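Accompanying notes for the structure given below.
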Amino acid sequence: MNPFLDPAEFSEEPTGPEYLLHLYITGATPNSTRAVRNIKDICEEHLKGRYELLIVDVYQQPELAQEMDLIGVPTLIKRRPGLVRRLVGDFSNRERVLKALGVAPPAGPL
């Protein structure tokens, strides 16, 4: 192996955080506020240091919502890793959110 080449330069893995999430909301409505709080809590608890969360207000950036063909909001789109997944709601069902993100929920006491 050439000692002057950095193997990281040739990696096919994407650079940046492992999880890339986009959350589409509608302003500061109660449902949007709850969704933001819930997804941030879930990410900090289960993905700390491994995620990037982009929050898009469809009132301020309607063209982005139109590009994504959103059928409801709040909508969370998991861009990576793996298959793109969409979740609609306030994300209060943590087990469902973790499953969609591909994160195993912590095991309970036996």
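Here's how to read the names in the structure tokens: chain A, B, ... by the order shown, residue numbers from 1 in each chain, ligand numbers from 1 in the order shown.
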
Could you give me, as a PyMOL selection string, each residue of chain A that DSSP assigns to strand (DSSP E) when run on this structure's backbone? chain A and resi 19-25+51-57+75-80+85-88

Could you list, as a list in words, every residue within 8 Å of A:Pro74, counting only C-alpha atoms and ignoring same-chain residues fewer than 2 positions away? Leu23, Tyr24, Ile25, Thr26, Asn31, Ser32, Ala35, Gly72, Leu76, Val88, Gly89 and Asp90 of chain A

As a list in words, please: the residues near A:Asp41 (cut-off 12 Å, only C-alpha atoms, same-chain neighbours under 5 positions excluded).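 My list of contacting residues is Arg34, Ala35, Val36, His46, Leu47, Lys48, Leu53, Phe91, Ser92, Arg94, Val97 and Leu98 of chain A.
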
Output for the residues just chosen: all heavy atoms as a short mmCIF file (atom, residue, chain, number, x, y, z; two decimals), in the first residue's frame:
data_model
loop_
_atom_site.label_atom_id
_atom_site.label_comp_id
_atom_site.auth_asym_id
_atom_site.auth_seq_id
_atom_site.Cartn_x
_atom_site.Cartn_y
_atom_site.Cartn_z
N ARG A 34 -44.79 19.60 19.06
CA ARG A 34 -44.70 18.29 19.71
C ARG A 34 -43.81 17.35 18.89
O ARG A 34 -42.98 16.62 19.43
CB ARG A 34 -46.10 17.72 19.90
CG ARG A 34 -46.19 16.50 20.77
CD ARG A 34 -47.62 16.11 21.13
NE ARG A 34 -48.63 16.33 20.11
CZ ARG A 34 -49.51 17.35 20.11
NH1 ARG A 34 -49.51 18.24 21.08
NH2 ARG A 34 -50.40 17.48 19.15
N ALA A 35 -43.97 17.38 17.57
CA ALA A 35 -43.18 16.51 16.70
C ALA A 35 -41.69 16.85 16.80
O ALA A 35 -40.85 15.95 16.89
CB ALA A 35 -43.65 16.65 15.25
N VAL A 36 -41.37 18.14 16.80
CA VAL A 36 -39.97 18.56 16.90
C VAL A 36 -39.38 18.09 18.23
O VAL A 36 -38.29 17.52 18.28
CB VAL A 36 -39.83 20.10 16.75
CG1 VAL A 36 -38.42 20.56 17.13
CG2 VAL A 36 -40.18 20.53 15.34
N HIS A 46 -31.11 8.02 21.42
CA HIS A 46 -30.71 6.80 20.71
C HIS A 46 -29.66 7.00 19.61
O HIS A 46 -29.05 6.03 19.17
CB HIS A 46 -31.94 6.13 20.09
CG HIS A 46 -32.95 5.70 21.11
ND1 HIS A 46 -32.82 4.53 21.82
CD2 HIS A 46 -34.08 6.31 21.55
CE1 HIS A 46 -33.85 4.42 22.65
NE2 HIS A 46 -34.61 5.49 22.51
N LEU A 47 -29.47 8.24 19.15
CA LEU A 47 -28.55 8.48 18.03
C LEU A 47 -27.53 9.57 18.33
O LEU A 47 -26.94 10.14 17.40
CB LEU A 47 -29.35 8.88 16.78
CG LEU A 47 -30.43 7.93 16.30
CD1 LEU A 47 -31.22 8.54 15.16
CD2 LEU A 47 -29.83 6.60 15.88
N LYS A 48 -27.33 9.88 19.57
CA LYS A 48 -26.47 11.00 19.96
C LYS A 48 -25.13 10.97 19.23
O LYS A 48 -24.43 9.96 19.23
CB LYS A 48 -26.24 11.00 21.47
CG LYS A 48 -25.58 12.27 21.97
CD LYS A 48 -25.69 12.37 23.46
CE LYS A 48 -25.17 13.68 23.98
NZ LYS A 48 -26.13 14.74 23.91
N LEU A 53 -30.32 16.50 11.83
CA LEU A 53 -31.76 16.74 11.69
C LEU A 53 -31.97 18.10 11.07
O LEU A 53 -31.58 19.13 11.65
CB LEU A 53 -32.43 16.66 13.07
CG LEU A 53 -33.93 16.98 13.11
CD1 LEU A 53 -34.74 15.98 12.28
CD2 LEU A 53 -34.42 16.99 14.56
N PHE A 91 -44.80 11.67 16.34
CA PHE A 91 -43.70 10.80 16.76
C PHE A 91 -43.73 10.48 18.25
O PHE A 91 -42.70 10.24 18.86
CB PHE A 91 -42.35 11.40 16.34
CG PHE A 91 -42.39 11.96 14.94
CD1 PHE A 91 -42.19 13.30 14.71
CD2 PHE A 91 -42.70 11.14 13.87
CE1 PHE A 91 -42.28 13.82 13.43
CE2 PHE A 91 -42.80 11.65 12.59
CZ PHE A 91 -42.58 12.99 12.37
N SER A 92 -44.93 10.44 18.80
CA SER A 92 -45.07 10.10 20.22
C SER A 92 -44.96 8.60 20.45
O SER A 92 -44.67 8.17 21.56
CB SER A 92 -46.39 10.64 20.77
OG SER A 92 -47.47 10.14 20.03
N ARG A 94 -42.76 6.06 20.31
CA ARG A 94 -41.30 5.90 20.16
C ARG A 94 -40.91 4.58 19.53
O ARG A 94 -39.99 4.52 18.72
CB ARG A 94 -40.63 6.04 21.53
CG ARG A 94 -40.58 7.46 21.99
CD ARG A 94 -39.90 7.58 23.34
NE ARG A 94 -39.77 8.98 23.65
CZ ARG A 94 -38.61 9.60 23.79
NH1 ARG A 94 -37.50 8.93 23.68
NH2 ARG A 94 -38.57 10.89 24.05
N VAL A 97 -41.27 4.84 15.81
CA VAL A 97 -40.24 5.72 15.25
C VAL A 97 -38.90 4.99 15.21
O VAL A 97 -38.21 5.01 14.19
CB VAL A 97 -40.13 7.04 16.04
CG1 VAL A 97 -38.96 7.88 15.53
CG2 VAL A 97 -41.43 7.83 15.97
N LEU A 98 -38.54 4.34 16.30
CA LEU A 98 -37.26 3.61 16.34
C LEU A 98 -37.22 2.51 15.29
O LEU A 98 -36.20 2.31 14.63
CB LEU A 98 -37.02 3.03 17.74
CG LEU A 98 -36.74 4.06 18.83
CD1 LEU A 98 -36.70 3.39 20.20
CD2 LEU A 98 -35.45 4.82 18.55
#

Excluding stretch 64-71 of chain A and any residue of its chain fewer than 4 positions from it, enumerate the residues within 10 Å of it, using only C-alpha atoms, and give them as a PDB file with C-alpha atoms, in the first residue's frame.
ATOM      1  CA  TYR A  24     -41.230  18.956   7.583  1.00  0.00           C
ATOM      2  CA  ILE A  25     -43.507  21.013   9.853  1.00  0.00           C
ATOM      3  CA  VAL A  56     -38.122  22.603   7.252  1.00  0.00           C
ATOM      4  CA  ASP A  57     -41.126  24.859   7.835  1.00  0.00           C
ATOM      5  CA  VAL A  58     -43.340  24.337   4.783  1.00  0.00           C
ATOM      6  CA  TYR A  59     -44.924  27.769   5.314  1.00  0.00           C
ATOM      7  CA  GLN A  60     -41.506  29.391   4.842  1.00  0.00           C
ATOM      8  CA  THR A  75     -43.447  14.364   8.115  1.00  0.00           C
ATOM      9  CA  ILE A  77     -37.994  11.558   6.089  1.00  0.00           C
ATOM     10  CA  ARG A  86     -41.340   8.450   5.717  1.00  0.00           C
ATOM     11  CA  VAL A  88     -46.202  11.194   9.468  1.00  0.00           C
TER      12      VAL A  88
END

Point-to-point distance from atom CA of A:Gly82 to atom CA of A:Gly16, Å rounded to tenths: 14.9 Å
